[in-house]
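Asker: Just one file: my_file.cif, with mmCIF, C-alpha atoms (C1' of nucleotides).
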data_work
loop_
_atom_site.label_atom_id
_atom_site.label_comp_id
_atom_site.auth_asym_id
_atom_site.auth_seq_id
_atom_site.Cartn_x
_atom_site.Cartn_y
_atom_site.Cartn_z
CA MET A 3 -8.11 30.07 -10.18
CA THR A 4 -8.55 28.63 -6.75
CA SER A 5 -11.81 26.80 -6.30
CA ARG A 6 -14.28 28.09 -3.78
CA LYS A 7 -14.50 24.76 -2.02
CA PRO A 8 -11.39 23.80 -0.13
CA ASP A 9 -12.64 20.20 -0.35
CA ALA A 10 -12.38 20.17 -4.08
CA ARG A 11 -8.90 21.65 -3.92
CA ALA A 12 -7.74 19.06 -1.46
CA GLU A 13 -9.22 16.31 -3.56
CA ALA A 14 -7.62 17.45 -6.78
CA LEU A 15 -4.31 17.76 -5.02
CA ALA A 16 -4.67 14.32 -3.50
CA ASP A 17 -5.43 12.93 -6.92
CA GLN A 18 -2.33 14.46 -8.46
CA LEU A 19 -0.19 13.31 -5.61
CA HIS A 20 -1.58 9.79 -5.82
CA SER A 21 -0.85 9.60 -9.50
CA ALA A 22 2.61 11.11 -9.17
CA ALA A 23 3.56 8.63 -6.46
CA ILE A 24 2.44 5.68 -8.58
CA HIS A 25 4.42 6.79 -11.58
CA LEU A 26 7.42 7.74 -9.53
CA LEU A 27 7.76 4.32 -7.99
CA ARG A 28 7.04 2.60 -11.24
CA THR A 29 9.84 4.48 -12.91
CA LEU A 30 12.21 3.86 -10.06
CA ARG A 31 11.54 0.16 -10.06
CA LYS A 32 13.50 -0.13 -13.26
CA GLU A 33 16.65 0.50 -11.29
CA ASP A 34 16.02 -2.61 -9.26
CA ASP A 35 17.33 -4.93 -11.92
CA ALA A 36 20.73 -3.39 -11.57
CA SER A 37 20.82 -3.39 -7.80
CA GLY A 38 19.13 -6.72 -7.30
CA LEU A 39 17.05 -5.20 -4.51
CA SER A 40 13.35 -4.54 -4.86
CA ALA A 41 11.69 -1.58 -3.20
CA PRO A 42 10.29 -3.53 -0.25
CA ARG A 43 13.62 -5.19 0.45
CA LEU A 44 15.49 -1.97 0.09
CA SER A 45 13.09 -0.24 2.42
CA ALA A 46 13.23 -2.98 5.04
CA LEU A 47 17.00 -3.21 4.86
CA SER A 48 17.20 0.52 5.34
CA VAL A 49 15.12 0.35 8.49
CA VAL A 50 17.29 -2.43 9.85
CA VAL A 51 20.53 -0.64 9.04
CA PHE A 52 19.52 2.69 10.50
CA GLY A 53 17.15 1.48 13.18
CA GLY A 54 19.48 -1.02 14.74
CA PRO A 55 18.46 -4.61 15.52
CA LEU A 56 14.70 -5.02 15.55
CA THR A 57 12.36 -7.91 16.11
CA LEU A 58 10.55 -9.19 13.08
CA GLY A 59 7.26 -7.90 14.41
CA GLN A 60 8.62 -4.42 14.97
CA LEU A 61 10.01 -4.44 11.51
CA ALA A 62 6.67 -5.52 10.06
CA THR A 63 4.94 -2.72 11.93
CA ALA A 64 7.49 -0.18 10.80
CA GLU A 65 6.99 -1.24 7.23
CA GLN A 66 3.22 -1.40 7.61
CA VAL A 67 3.11 -4.99 6.56
CA LYS A 68 1.85 -8.20 8.15
CA PRO A 69 4.30 -10.57 9.81
CA PRO A 70 4.16 -13.31 7.16
CA THR A 71 5.09 -10.81 4.52
CA MET A 72 8.01 -9.59 6.56
CA THR A 73 9.12 -13.14 7.21
CA ARG A 74 9.59 -13.62 3.49
CA ILE A 75 11.28 -10.32 2.92
CA VAL A 76 13.72 -11.09 5.71
CA THR A 77 14.25 -14.60 4.39
CA GLY A 78 15.14 -13.13 1.03
CA LEU A 79 17.54 -10.66 2.57
CA ALA A 80 19.09 -13.35 4.76
CA LYS A 81 19.56 -15.66 1.81
CA GLU A 82 21.74 -13.03 0.24
CA GLY A 83 23.64 -12.47 3.45
CA LEU A 84 22.44 -8.92 3.97
CA VAL A 85 20.77 -9.58 7.27
CA GLN A 86 20.98 -12.04 10.15
CA ARG A 87 18.36 -13.59 12.37
CA ILE A 88 19.42 -13.58 15.99
CA GLY A 89 17.55 -15.38 18.70
CA ASP A 90 16.81 -13.56 21.92
CA SER A 91 18.04 -15.54 24.90
CA ARG A 92 15.58 -13.98 27.31
CA ASP A 93 12.46 -14.39 25.22
CA ARG A 94 12.99 -17.15 22.78
CA ARG A 95 9.90 -16.41 20.77
CA LEU A 96 11.60 -13.34 19.42
CA THR A 97 13.80 -13.11 16.39
CA ARG A 98 15.94 -10.06 16.12
CA ILE A 99 17.02 -8.90 12.71
CA ARG A 100 20.44 -7.36 12.31
CA ALA A 101 22.17 -6.01 9.24
CA THR A 102 25.44 -7.60 8.23
CA ALA A 103 28.44 -5.66 7.00
CA LYS A 104 27.53 -6.72 3.50
CA GLY A 105 24.00 -5.48 4.12
CA ARG A 106 25.26 -2.06 5.05
CA ARG A 107 27.55 -1.98 2.07
CA VAL A 108 24.90 -3.12 -0.40
CA LEU A 109 22.41 -0.66 0.99
CA ALA A 110 24.83 2.15 0.43
CA THR A 111 25.23 1.27 -3.21
CA GLY A 112 21.86 -0.33 -4.02
CA ARG A 113 19.73 2.27 -2.42
CA ALA A 114 21.93 4.88 -3.95
CA ARG A 115 21.21 3.54 -7.40
CA ARG A 116 17.49 3.96 -6.99
CA VAL A 117 17.76 7.20 -5.16
CA GLU A 118 20.44 8.49 -7.48
CA ARG A 119 18.10 8.12 -10.41
CA LEU A 120 15.71 10.38 -8.59
CA ALA A 121 18.42 12.65 -7.29
CA GLY A 122 19.63 13.14 -10.82
CA ALA A 123 16.26 14.55 -11.78
CA VAL A 124 16.12 16.62 -8.62
CA ARG A 125 19.49 18.15 -9.38
CA ARG A 126 18.23 19.41 -12.69
CA LEU A 127 15.81 21.68 -10.86
CA GLY A 128 16.47 25.34 -10.29
CA SER A 129 17.15 26.33 -6.73
CA ALA A 130 13.71 27.87 -6.32
CA GLU A 131 11.99 24.69 -7.42
CA LEU A 132 14.33 22.67 -5.27
CA ALA A 133 13.28 24.64 -2.23
CA GLU A 134 9.65 24.21 -3.10
CA LEU A 135 10.03 20.49 -3.54
CA LYS A 136 11.84 20.29 -0.25
CA ARG A 137 9.05 21.96 1.63
CA GLY A 138 6.50 19.89 -0.20
CA VAL A 139 8.22 16.67 0.73
CA GLN A 140 8.33 17.76 4.33
CA VAL A 141 4.61 18.37 4.33
CA LEU A 142 4.08 15.09 2.52
CA GLY A 143 5.90 13.31 5.29
CA GLU A 144 3.55 14.82 7.83
CA VAL A 145 0.56 13.86 5.77
CA VAL A 146 1.67 10.26 5.53
CA ASP A 147 2.35 10.09 9.24
CA SER A 148 -1.03 11.53 10.05
CA MET A 149 -2.71 8.89 7.91
CA ARG A 150 -0.91 6.07 9.61
CA ASN A 151 -2.36 7.07 12.93
CA ARG A 152 -5.95 7.27 11.91
CA ASN A 153 -8.16 4.40 11.03
CA THR A 154 -10.88 6.11 9.12
CA PRO A 155 -10.36 9.82 8.75
CA MET B 18 22.08 23.06 8.54
CA THR B 19 22.24 23.03 4.76
CA SER B 20 25.12 21.01 3.44
CA ARG B 21 27.77 22.67 1.36
CA LYS B 22 27.32 20.22 -1.47
CA PRO B 23 24.09 20.65 -3.42
CA ASP B 24 24.55 17.02 -4.45
CA ALA B 25 24.13 15.84 -0.92
CA ARG B 26 21.07 17.99 -0.50
CA ALA B 27 19.47 16.60 -3.61
CA GLU B 28 20.28 13.10 -2.51
CA ALA B 29 18.84 13.50 0.95
CA LEU B 30 15.72 14.99 -0.55
CA ALA B 31 15.43 12.18 -3.06
CA ASP B 32 15.78 9.70 -0.25
CA GLN B 33 13.01 11.27 1.78
CA LEU B 34 10.78 11.50 -1.23
CA HIS B 35 11.43 7.89 -2.13
CA SER B 36 10.55 6.75 1.33
CA ALA B 37 7.48 8.93 1.59
CA ALA B 38 6.14 7.64 -1.72
CA ILE B 39 6.58 4.03 -0.62
CA HIS B 40 4.78 4.55 2.65
CA LEU B 41 2.08 6.65 1.07
CA LEU B 42 1.12 3.97 -1.40
CA ARG B 43 1.37 1.25 1.17
CA THR B 44 -1.06 3.08 3.40
CA LEU B 45 -3.41 3.80 0.55
CA ARG B 46 -3.47 0.21 -0.56
CA LYS B 47 -5.55 -0.61 2.47
CA GLU B 48 -8.46 1.16 0.87
CA ASP B 49 -8.39 -1.30 -1.98
CA ASP B 50 -10.23 -3.97 -0.06
CA ALA B 51 -13.25 -1.75 0.13
CA SER B 52 -13.21 -0.65 -3.48
CA GLY B 53 -12.16 -3.96 -4.98
CA LEU B 54 -9.74 -2.13 -7.24
CA SER B 55 -5.99 -2.34 -6.80
CA ALA B 56 -3.73 0.58 -7.62
CA PRO B 57 -2.65 -0.72 -11.02
CA ARG B 58 -6.22 -1.44 -12.07
CA LEU B 59 -7.43 1.87 -10.78
CA SER B 60 -4.66 3.66 -12.62
CA ALA B 61 -5.26 1.83 -15.88
CA LEU B 62 -9.01 2.32 -15.67
CA SER B 63 -8.45 5.97 -15.08
CA VAL B 64 -6.36 6.27 -18.22
CA VAL B 65 -9.01 4.46 -20.24
CA VAL B 66 -11.84 6.55 -18.87
CA PHE B 67 -10.16 9.89 -19.39
CA GLY B 68 -7.99 9.03 -22.36
CA GLY B 69 -10.73 7.53 -24.47
CA PRO B 70 -10.43 4.18 -26.25
CA LEU B 71 -6.80 3.07 -26.51
CA THR B 72 -5.07 0.05 -27.91
CA LEU B 73 -3.64 -2.35 -25.41
CA GLY B 74 -0.11 -1.41 -26.42
CA GLN B 75 -0.77 2.29 -25.97
CA LEU B 76 -2.21 1.59 -22.59
CA ALA B 77 0.80 -0.48 -21.60
CA THR B 78 3.11 2.33 -22.68
CA ALA B 79 1.06 4.92 -20.83
CA GLU B 80 1.25 2.85 -17.69
CA GLN B 81 4.93 2.08 -18.20
CA VAL B 82 4.32 -1.61 -18.19
CA LYS B 83 4.94 -4.46 -20.65
CA PRO B 84 2.12 -5.75 -22.85
CA PRO B 85 1.64 -9.08 -21.05
CA THR B 86 1.16 -7.28 -17.79
CA MET B 87 -1.41 -5.00 -19.33
CA THR B 88 -3.18 -7.95 -20.90
CA ARG B 89 -3.81 -9.33 -17.45
CA ILE B 90 -4.84 -6.06 -15.94
CA VAL B 91 -7.31 -5.53 -18.75
CA THR B 92 -8.56 -9.10 -18.43
CA GLY B 93 -9.22 -8.46 -14.77
CA LEU B 94 -11.05 -5.25 -15.51
CA ALA B 95 -13.04 -6.87 -18.30
CA LYS B 96 -14.03 -9.77 -16.09
CA GLU B 97 -15.71 -7.29 -13.80
CA GLY B 98 -17.36 -5.52 -16.67
CA LEU B 99 -15.49 -2.26 -16.22
CA VAL B 100 -13.89 -2.31 -19.63
CA GLN B 101 -14.49 -3.79 -23.07
CA ARG B 102 -12.17 -5.15 -25.72
CA ILE B 103 -13.13 -3.93 -29.15
CA GLY B 104 -11.57 -5.27 -32.32
CA ASP B 105 -10.38 -2.80 -34.92
CA SER B 106 -11.92 -3.63 -38.27
CA ARG B 107 -9.14 -1.96 -40.25
CA ASP B 108 -6.21 -3.57 -38.45
CA ARG B 109 -7.37 -6.72 -36.84
CA ARG B 110 -4.24 -7.19 -34.80
CA LEU B 111 -5.32 -4.31 -32.62
CA THR B 112 -7.51 -4.47 -29.57
CA ARG B 113 -9.02 -1.26 -28.40
CA ILE B 114 -9.93 -0.89 -24.77
CA ARG B 115 -12.97 1.10 -23.86
CA ALA B 116 -14.51 1.88 -20.51
CA THR B 117 -18.05 0.75 -19.88
CA ALA B 118 -20.63 2.82 -18.07
CA LYS B 119 -20.05 0.68 -15.02
CA GLY B 120 -16.33 1.32 -15.37
CA ARG B 121 -16.87 5.05 -15.29
CA ARG B 122 -19.17 4.75 -12.34
CA VAL B 123 -16.88 2.48 -10.36
CA LEU B 124 -13.92 4.69 -11.08
CA ALA B 125 -15.74 7.65 -9.70
CA THR B 126 -16.42 5.91 -6.41
CA GLY B 127 -13.45 3.52 -6.18
CA ARG B 128 -10.82 6.03 -7.02
CA ALA B 129 -12.49 8.46 -4.74
CA ARG B 130 -12.18 6.07 -1.85
CA ARG B 131 -8.44 5.84 -2.21
CA VAL B 132 -8.02 9.48 -2.97
CA GLU B 133 -10.46 10.50 -0.29
CA ARG B 134 -8.34 8.84 2.31
CA LEU B 135 -5.47 11.00 1.19
CA ALA B 136 -7.64 14.05 0.73
CA GLY B 137 -8.82 13.68 4.29
CA ALA B 138 -5.28 14.04 5.53
CA VAL B 139 -4.63 16.90 3.16
CA ARG B 140 -7.65 18.76 4.48
CA ARG B 141 -6.25 18.69 7.95
CA LEU B 142 -3.36 20.86 6.82
CA GLY B 143 -3.26 24.56 7.43
CA SER B 144 -3.62 26.72 4.36
CA ALA B 145 0.08 27.58 4.34
CA GLU B 146 1.08 23.97 4.35
CA LEU B 147 -1.55 23.19 1.78
CA ALA B 148 -0.04 25.75 -0.55
CA GLU B 149 3.43 24.35 0.03
CA LEU B 150 2.27 20.84 -0.68
CA LYS B 151 0.56 22.00 -3.81
CA ARG B 152 3.69 23.60 -5.18
CA GLY B 153 5.71 20.59 -4.16
CA VAL B 154 3.42 18.22 -5.97
CA GLN B 155 3.62 20.35 -9.06
CA VAL B 156 7.39 20.18 -8.99
CA LEU B 157 7.22 16.46 -8.29
CA GLY B 158 5.16 16.00 -11.40
CA GLU B 159 7.82 17.72 -13.44
CA VAL B 160 10.51 15.59 -11.87
CA VAL B 161 8.68 12.37 -12.68
CA ASP B 162 8.10 13.47 -16.25
CA SER B 163 11.73 14.37 -16.70
CA MET B 164 12.79 10.94 -15.50
CA ARG B 165 10.51 9.14 -17.89
CA ASN B 166 12.21 10.77 -20.81
CA ARG B 167 15.76 9.95 -19.88
CA ASN B 168 17.33 6.54 -19.95
CA THR B 169 20.29 7.06 -17.70
CA PRO B 170 20.53 10.54 -16.29
"C1'" DG C 24 3.35 -25.69 40.30
"C1'" DG C 25 0.59 -27.01 36.62
"C1'" DA C 26 -3.09 -25.79 33.32
"C1'" DT C 27 -4.73 -22.15 30.52
"C1'" DT C 28 -4.17 -18.20 27.77
"C1'" DA C 29 -1.54 -14.99 25.00
"C1'" DT C 30 2.21 -13.77 21.92
"C1'" DC C 31 5.61 -14.42 18.35
"C1'" DG C 32 7.30 -16.13 14.15
"C1'" DT C 33 6.66 -19.47 10.58
"C1'" DT C 34 4.29 -22.36 7.18
"C1'" DA C 35 0.70 -23.17 3.79
"C1'" DG C 36 -2.07 -21.57 0.30
"C1'" DC C 37 -4.34 -17.92 -2.26
"C1'" DT C 38 -4.26 -13.46 -5.39
"C1'" DT C 39 -2.11 -9.90 -8.08
"C1'" DA C 40 1.64 -7.69 -10.54
"C1'" DG C 41 5.76 -7.63 -12.82
"C1'" DC C 42 9.01 -9.87 -16.27
"C1'" DT C 43 10.89 -12.75 -20.66
"C1'" DA C 44 10.26 -16.06 -24.26
"C1'" DA C 45 7.54 -18.17 -27.57
"C1'" DC C 46 3.37 -18.13 -30.65
"C1'" DG C 47 -0.49 -17.20 -33.74
"C1'" DA C 48 -2.72 -13.98 -36.41
"C1'" DT C 49 -2.61 -10.20 -39.18
"C1'" DA C 50 -0.24 -6.30 -42.06
"C1'" DT C 51 3.32 -4.76 -44.81
"C1'" DC C 52 7.05 -4.92 -48.05
"C1'" DC C 53 9.74 -6.54 -52.12
"C1'" DG D 26 3.04 -14.33 -53.03
"C1'" DG D 27 6.51 -15.24 -49.76
"C1'" DA D 28 9.53 -13.01 -46.22
"C1'" DT D 29 9.35 -9.80 -42.45
"C1'" DA D 30 7.37 -7.01 -38.89
"C1'" DT D 31 3.90 -5.91 -35.47
"C1'" DC D 32 0.31 -6.81 -32.07
"C1'" DG D 33 -1.77 -9.24 -28.44
"C1'" DT D 34 -1.92 -13.50 -25.93
"C1'" DT D 35 -0.22 -17.61 -23.54
"C1'" DA D 36 3.04 -20.00 -20.63
"C1'" DG D 37 5.95 -19.99 -16.90
"C1'" DC D 38 8.86 -17.68 -13.55
"C1'" DT D 39 9.57 -14.40 -9.23
"C1'" DA D 40 8.06 -11.39 -5.65
"C1'" DA D 41 4.78 -9.07 -2.62
"C1'" DG D 42 0.68 -8.85 -0.24
"C1'" DC D 43 -3.04 -11.25 2.52
"C1'" DT D 44 -5.58 -14.78 5.98
"C1'" DA D 45 -5.72 -19.01 8.53
"C1'" DA D 46 -3.57 -22.43 11.08
"C1'" DC D 47 0.41 -24.07 13.93
"C1'" DG D 48 4.29 -24.80 17.07
"C1'" DA D 49 7.03 -22.94 20.49
"C1'" DT D 50 7.58 -20.13 24.20
"C1'" DA D 51 5.92 -16.67 28.01
"C1'" DA D 52 2.76 -15.05 31.13
"C1'" DT D 53 -1.24 -15.65 34.00
"C1'" DC D 54 -4.25 -17.70 37.02
"C1'" DC D 55 -5.94 -20.66 40.10
#
Written as structure tokens, how would this file's structure read?
Answerer:
Amino acid sequence: MTSRKPDARAEALADQLHSAAIHLLRTLRKEDDASGLSAPRLSALSVVVFGGPLTLGQLATAEQVKPPTMTRIVTGLAKEGLVQRIGDSRDRRLTRIRATAKGRRVLATGRARRVERLAGAVRRLGSAELAELKRGVQVLGEVVDSMRNRNTP
Amino acid sequence: MTSRKPDARAEALADQLHSAAIHLLRTLRKEDDASGLSAPRLSALSVVVFGGPLTLGQLATAEQVKPPTMTRIVTGLAKEGLVQRIGDSRDRRLTRIRATAKGRRVLATGRARRVERLAGAVRRLGSAELAELKRGVQVLGEVVDSMRNRNTP
DNA sequence: GGATTATCGTTAGCTTAGCTAACGATATCC
DNA sequence: GGATATCGTTAGCTAAGCTAACGATAATCC
């Protein structure tokens, strides 16, 4: 029962995806109590850990957030010793953000807790569904990227 | 390069999905300025519009949120005339939430704006990728449902 | 080389969303 | 009819997002 208009199909799909993403993250947030790391902090820490030292501005851009917001996220992470601010000696306006050993360690466990909750559900899938989800997530990644690079589509 | 352990595969997939969902919603939030409706309000309004009149508690449960949070969301929606609180004459502890005509109208356009942004990106996909995304979203829906019904997997 | 302009991060101040704890009003139960 | 339970709200906290304004530093331009 595919609709004649591809527009309507795309819209229905977008609607389902939108709703699923909202509920997914809402469910996952419940794991945050245990880990002590909210989604934005977890996400930023992850970028810092895997992306090496970054300036605050780069980090804000990567996380699609304005600098003041990132300042507070970093302050929160620094207060818990997960991240360090390092001044650049060549350009002293810059602040580079680096993960500490504790940061790496906490990411490994904290992120895991959130992701594990999801992974648990993923593991319950049959291998056919798993493959389908995998492809879907790949396409989703492309979709998200393509949106980031367009102002008004 | 599929790993030998299915566990690792599921985990990597969960990680990608987690990240994609975060960035998707963050990108979509930018549409909220135009519509004047944030994601939580949009989502709640949608439930009220399509799910008929609900009590506040039912709505909170549906949205996986605590009653005080829903009280404020509803208050915000009511203040803009999108929703009405209606007392139950049989059990006067209850407050039923009903969408107004304006609420239905605004949902149609406001939700569309957010979803349209996403739909625009979806439309740019080839038909093969579109089909893959569709299947993936279906599976994702099942995954999210299965998580909601399990405390600790 | 010194003034102007641009960039970077922070601070201040606002809104919204989430939570728990405590409360008042109403139903229900013995 | 008095104890108990349920429902929604209020109060008060934290965190995330934003814009506007600022201070410090670089870069540019006479």
Asker: Any chance you could work out the residue set of the PyMOL selection byres ((chain B) within 6 of (chain A)) here, as an MDAnalysis selection string?
Answerer: chainID B and resid 27:28 31:32 37:38 41 132 135:136 138:140 149:150 153 158 160:161
Asker: What would the file look like if the residues just selected were written as a CSV table (one decimal), in the coordinates of the input with C-alpha atoms?
Answerer:
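Result file out_4.csv:
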chain,number,residue,atom,x,y,z
B,27,ALA,CA,19.5,16.6,-3.6
B,28,GLU,CA,20.3,13.1,-2.5
B,31,ALA,CA,15.4,12.2,-3.1
B,32,ASP,CA,15.8,9.7,-0.2
B,37,ALA,CA,7.5,8.9,1.6
B,38,ALA,CA,6.1,7.6,-1.7
B,41,LEU,CA,2.1,6.6,1.1
B,132,VAL,CA,-8.0,9.5,-3.0
B,135,LEU,CA,-5.5,11.0,1.2
B,136,ALA,CA,-7.6,14.0,0.7
B,138,ALA,CA,-5.3,14.0,5.5
B,139,VAL,CA,-4.6,16.9,3.2
B,140,ARG,CA,-7.6,18.8,4.5
B,149,GLU,CA,3.4,24.4,0.0
B,150,LEU,CA,2.3,20.8,-0.7
B,153,GLY,CA,5.7,20.6,-4.2
B,158,GLY,CA,5.2,16.0,-11.4
B,160,VAL,CA,10.5,15.6,-11.9
B,161,VAL,CA,8.7,12.4,-12.7
Asker: Taking all atoms listed in the file into account, find every residue of chain B that has an atom no more than 7 Å from chain C, and write it out as a PyMOL selection string.
Answerer: chain B and resi 86+109-110
Asker: What does chain A look like after a least-squares fit onto chain B on every Cα paired in order, written as a compact mmCIF listing (two decimals) with C-alpha atoms, in the frame of the given file?
Answerer:
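Saved as selection.txt:
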# COMPACT_ATOMS: atom_id res chain seq x y z
CA MET A 3 21.67 24.18 7.82
CA THR A 4 21.93 23.73 4.11
CA SER A 5 24.78 21.50 3.07
CA ARG A 6 27.54 22.95 0.97
CA LYS A 7 27.16 20.30 -1.69
CA PRO A 8 23.98 20.56 -3.69
CA ASP A 9 24.49 16.87 -4.56
CA ALA A 10 24.10 15.82 -0.99
CA ARG A 11 20.99 17.94 -0.63
CA ALA A 12 19.43 16.46 -3.70
CA GLU A 13 20.26 12.98 -2.53
CA ALA A 14 18.81 13.44 0.93
CA LEU A 15 15.69 14.89 -0.58
CA ALA A 16 15.42 12.04 -3.04
CA ASP A 17 15.77 9.60 -0.19
CA GLN A 18 12.98 11.20 1.80
CA LEU A 19 10.76 11.37 -1.20
CA HIS A 20 11.42 7.74 -2.06
CA SER A 21 10.54 6.64 1.43
CA ALA A 22 7.46 8.84 1.64
CA ALA A 23 6.13 7.49 -1.65
CA ILE A 24 6.58 3.89 -0.50
CA HIS A 25 4.75 4.46 2.74
CA LEU A 26 2.07 6.53 1.13
CA LEU A 27 1.12 3.84 -1.33
CA ARG A 28 1.37 1.15 1.27
CA THR A 29 -1.06 2.98 3.48
CA LEU A 30 -3.40 3.69 0.63
CA ARG A 31 -3.48 0.10 -0.45
CA LYS A 32 -5.56 -0.71 2.57
CA GLU A 33 -8.46 1.07 0.95
CA ASP A 34 -8.39 -1.38 -1.91
CA ASP A 35 -10.22 -4.06 0.00
CA ALA A 36 -13.23 -1.84 0.20
CA SER A 37 -13.19 -0.74 -3.41
CA GLY A 38 -12.18 -4.05 -4.89
CA LEU A 39 -9.75 -2.23 -7.18
CA SER A 40 -6.00 -2.45 -6.74
CA ALA A 41 -3.74 0.48 -7.52
CA PRO A 42 -2.65 -0.78 -10.94
CA ARG A 43 -6.22 -1.47 -12.01
CA LEU A 44 -7.43 1.81 -10.68
CA SER A 45 -4.66 3.63 -12.47
CA ALA A 46 -5.24 1.85 -15.77
CA LEU A 47 -8.99 2.33 -15.57
CA SER A 48 -8.43 6.00 -14.94
CA VAL A 49 -6.32 6.34 -18.06
CA VAL A 50 -8.95 4.56 -20.11
CA VAL A 51 -11.80 6.64 -18.73
CA PHE A 52 -10.11 9.98 -19.19
CA GLY A 53 -7.93 9.15 -22.17
CA GLY A 54 -10.66 7.73 -24.32
CA PRO A 55 -10.34 4.39 -26.13
CA LEU A 56 -6.73 3.26 -26.38
CA THR A 57 -4.99 0.26 -27.81
CA LEU A 58 -3.57 -2.18 -25.33
CA GLY A 59 -0.05 -1.24 -26.31
CA GLN A 60 -0.68 2.45 -25.80
CA LEU A 61 -2.16 1.71 -22.46
CA ALA A 62 0.85 -0.38 -21.47
CA THR A 63 3.16 2.44 -22.50
CA ALA A 64 1.12 5.00 -20.61
CA GLU A 65 1.29 2.87 -17.52
CA GLN A 66 4.96 2.09 -18.02
CA VAL A 67 4.33 -1.60 -18.06
CA LYS A 68 4.98 -4.40 -20.54
CA PRO A 69 2.17 -5.65 -22.76
CA PRO A 70 1.68 -9.01 -21.02
CA THR A 71 1.17 -7.25 -17.74
CA MET A 72 -1.38 -4.94 -19.27
CA THR A 73 -3.15 -7.86 -20.89
CA ARG A 74 -3.83 -9.29 -17.46
CA ILE A 75 -4.85 -6.02 -15.91
CA VAL A 76 -7.30 -5.46 -18.75
CA THR A 77 -8.56 -9.02 -18.48
CA GLY A 78 -9.25 -8.44 -14.82
CA LEU A 79 -11.06 -5.20 -15.52
CA ALA A 80 -13.04 -6.78 -18.35
CA LYS A 81 -14.05 -9.70 -16.19
CA GLU A 82 -15.72 -7.26 -13.87
CA GLY A 83 -17.37 -5.43 -16.73
CA LEU A 84 -15.48 -2.20 -16.23
CA VAL A 85 -13.86 -2.19 -19.62
CA GLN A 86 -14.45 -3.62 -23.08
CA ARG A 87 -12.12 -4.95 -25.72
CA ILE A 88 -13.03 -3.69 -29.16
CA GLY A 89 -11.46 -4.96 -32.32
CA ASP A 90 -10.27 -2.48 -34.89
CA SER A 91 -11.77 -3.23 -38.29
CA ARG A 92 -8.97 -1.56 -40.20
CA ASP A 93 -6.06 -3.16 -38.40
CA ARG A 94 -7.21 -6.35 -36.85
CA ARG A 95 -4.10 -6.85 -34.79
CA LEU A 96 -5.21 -4.03 -32.57
CA THR A 97 -7.42 -4.25 -29.55
CA ARG A 98 -8.92 -1.05 -28.35
CA ILE A 99 -9.87 -0.73 -24.72
CA ARG A 100 -12.93 1.28 -23.81
CA ALA A 101 -14.46 2.00 -20.44
CA THR A 102 -18.01 0.86 -19.85
CA ALA A 103 -20.61 2.92 -18.03
CA LYS A 104 -20.04 0.74 -15.01
CA GLY A 105 -16.32 1.38 -15.34
CA ARG A 106 -16.85 5.10 -15.21
CA ARG A 107 -19.18 4.77 -12.27
CA VAL A 108 -16.89 2.46 -10.31
CA LEU A 109 -13.92 4.67 -10.99
CA ALA A 110 -15.75 7.62 -9.58
CA THR A 111 -16.44 5.83 -6.34
CA GLY A 112 -13.48 3.43 -6.11
CA ARG A 113 -10.83 5.90 -6.94
CA ALA A 114 -12.52 8.34 -4.67
CA ARG A 115 -12.20 5.95 -1.77
CA ARG A 116 -8.46 5.72 -2.14
CA VAL A 117 -8.02 9.34 -2.95
CA GLU A 118 -10.47 10.41 -0.28
CA ARG A 119 -8.35 8.75 2.35
CA LEU A 120 -5.50 10.92 1.20
CA ALA A 121 -7.66 13.96 0.69
CA GLY A 122 -8.87 13.64 4.24
CA ALA A 123 -5.32 14.01 5.48
CA VAL A 124 -4.67 16.84 3.05
CA ARG A 125 -7.70 18.72 4.31
CA ARG A 126 -6.33 18.69 7.81
CA LEU A 127 -3.45 20.87 6.65
CA GLY A 128 -3.35 24.59 7.18
CA SER A 129 -3.70 26.68 4.08
CA ALA A 130 -0.02 27.56 4.05
CA GLU A 131 1.01 23.92 4.13
CA LEU A 132 -1.61 23.12 1.55
CA ALA A 133 -0.09 25.63 -0.81
CA GLU A 134 3.35 24.26 -0.20
CA LEU A 135 2.23 20.72 -0.84
CA LYS A 136 0.53 21.84 -4.00
CA ARG A 137 3.65 23.40 -5.39
CA GLY A 138 5.68 20.42 -4.30
CA VAL A 139 3.39 18.02 -6.08
CA GLN A 140 3.62 20.10 -9.21
CA VAL A 141 7.39 19.93 -9.13
CA LEU A 142 7.20 16.23 -8.36
CA GLY A 143 5.16 15.73 -11.48
CA GLU A 144 7.84 17.41 -13.53
CA VAL A 145 10.51 15.32 -11.91
CA VAL A 146 8.71 12.10 -12.70
CA ASP A 147 8.13 13.15 -16.28
CA SER A 148 11.76 14.06 -16.72
CA MET A 149 12.81 10.64 -15.48
CA ARG A 150 10.55 8.84 -17.88
CA ASN A 151 12.28 10.45 -20.80
CA ARG A 152 15.80 9.63 -19.86
CA ASN A 153 17.37 6.25 -19.91
CA THR A 154 20.31 6.76 -17.65
CA PRO A 155 20.52 10.23 -16.21
Asker: The PyMOL selection byres ((chain D) within 8 of (chain A)) - which residues does that actually catch in the file I just gave you? List them as an MDAnalysis selection string.
Answerer: chainID D and resid 41:42 49:51
Asker: Mind working out the centre and edge lengths of an axis-aligned box for segment 114-133 of chain B, all listed atoms inside, 8 Å added to each side, rounded to one decimal in Å and written as AutoDock Vina command-line options?
Answerer:
--center_x -14.3 --center_y 4.8 --center_z -12.5 --size_x 28.6 --size_y 27.4 --size_z 40.5
Asker: Find the distance between atom CA of Leu58 of chain A and atom CA of Arg46 of chain B and write it in Å to one decimal.
Answerer: 21.7 Å
Asker: Distance atom CA of Val108 of chain A-atom CA of Leu61 of chain A, one decimal place?
Answerer: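 Between these atoms lies a distance of 19.1 Å.
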Asker: For a test of reading the model, state the distance in Å between atom C1' of DT39 of chain D and atom CA of Gln60 of chain A, rounded to one decimal.
Answerer: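 Atom-to-atom, atom C1' of DT39 of chain D and atom CA of Gln60 of chain A are spaced 26.2 Å apart.
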